[in-house]
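Worksheet for the structure shown next.
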Amino acid sequence: MTTVGIIGAGHIGSTLARGLVGRGYDVVIANSRGPETLASLVTELGPRARAGTATDAATAADWAIVTVPLKAYRDIPAEPLAGKIVLDTNNYYWERDGRIAELDQKKATTSGLLQRHLRGAKVAKAFNSIRSTEILTAGSPAGTANRRALPTASDFDDAIALVTKIYDELGFDTVVIGPLEESWRVERDQPAYVVPQTADELRANLARAVR
């Protein structure tokens, strides 16, 4: 059975844990406060889930999700994620994260920073442009008219394929932005950020983005 390591147990991490457990995945979830603080969540999720440290989650993972405040991305353990696909949900909120010069100067992307930190991993942008409350409620079966679409970006084809699979399992079409260097098109304050949209509407919004 596939084990997903989820590093970050906030709104997005816990919601994705629920969705993945419900679809037959095993989950190891971690936060910054210690596994004991996740006891109630793990009890809710059932036998397919367990809590651990970030290193535990990264080590156990067949693939992983990083969903921590951007300011903490350097705390993600790199070595146990080498060779693995990592879905990155990060967004840059300078009010929370502090100023990051490379982002302010448009010289980097949020997921690009994580990829640089996780040099041996295969990072893909995912789930950054949907509210956590909509991840398990806004999806619909494949082929549904006006099905909502979500974007992804990666430098690796197999990472794009995994995101596409997970999006579909949760009820969303996929629009591929391109490599991580183009993922700014779905970052905060861009037209495609956190709005319900079909695949055609998402492509149009990505094209309207201005850096």
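Residues are named by chain letter and number: chains run A, B, ... in the order of the structure tokens, numbers start at 1 in each chain, and ligands are numbered from 1 in the order shown.
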Contacts of region 132-147 of chain A within 8 Å, only C-alpha atoms, excl. fewer than 5 positions in-chain, as a ChimeraX atom specification: /A:11-12,15-16,19,168,170-173,198-199
Quick one: residues within 8 Å of region 50-66 of chain A, only C-alpha atoms counted, chain neighbours fewer than 4 positions away excluded, as number ranges by chain? A: 2-8, 13, 27-32, 34-36, 38-39, 42, 76-77, 80-81, 84-90
Which of region 3-121 of chain A end up as helix (DSSP H, G or I) when DSSP is run on this backbone - answer as number ranges by chain? A: 11-21, 35-45, 54-60, 70-75, 79-81, 94-97, 101-104, 110-117
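Remark: for Ala153 (chain A), the closest of the candidate residues A:Asn91, A:Ser183, A:Asn128, A:Thr174 is A:Ser183 (distances computed over only C-alpha atoms).
Across the model, the gap from CA of Glu181 (chain A) to CA of Tyr193 (chain A) is 16.6 Å.
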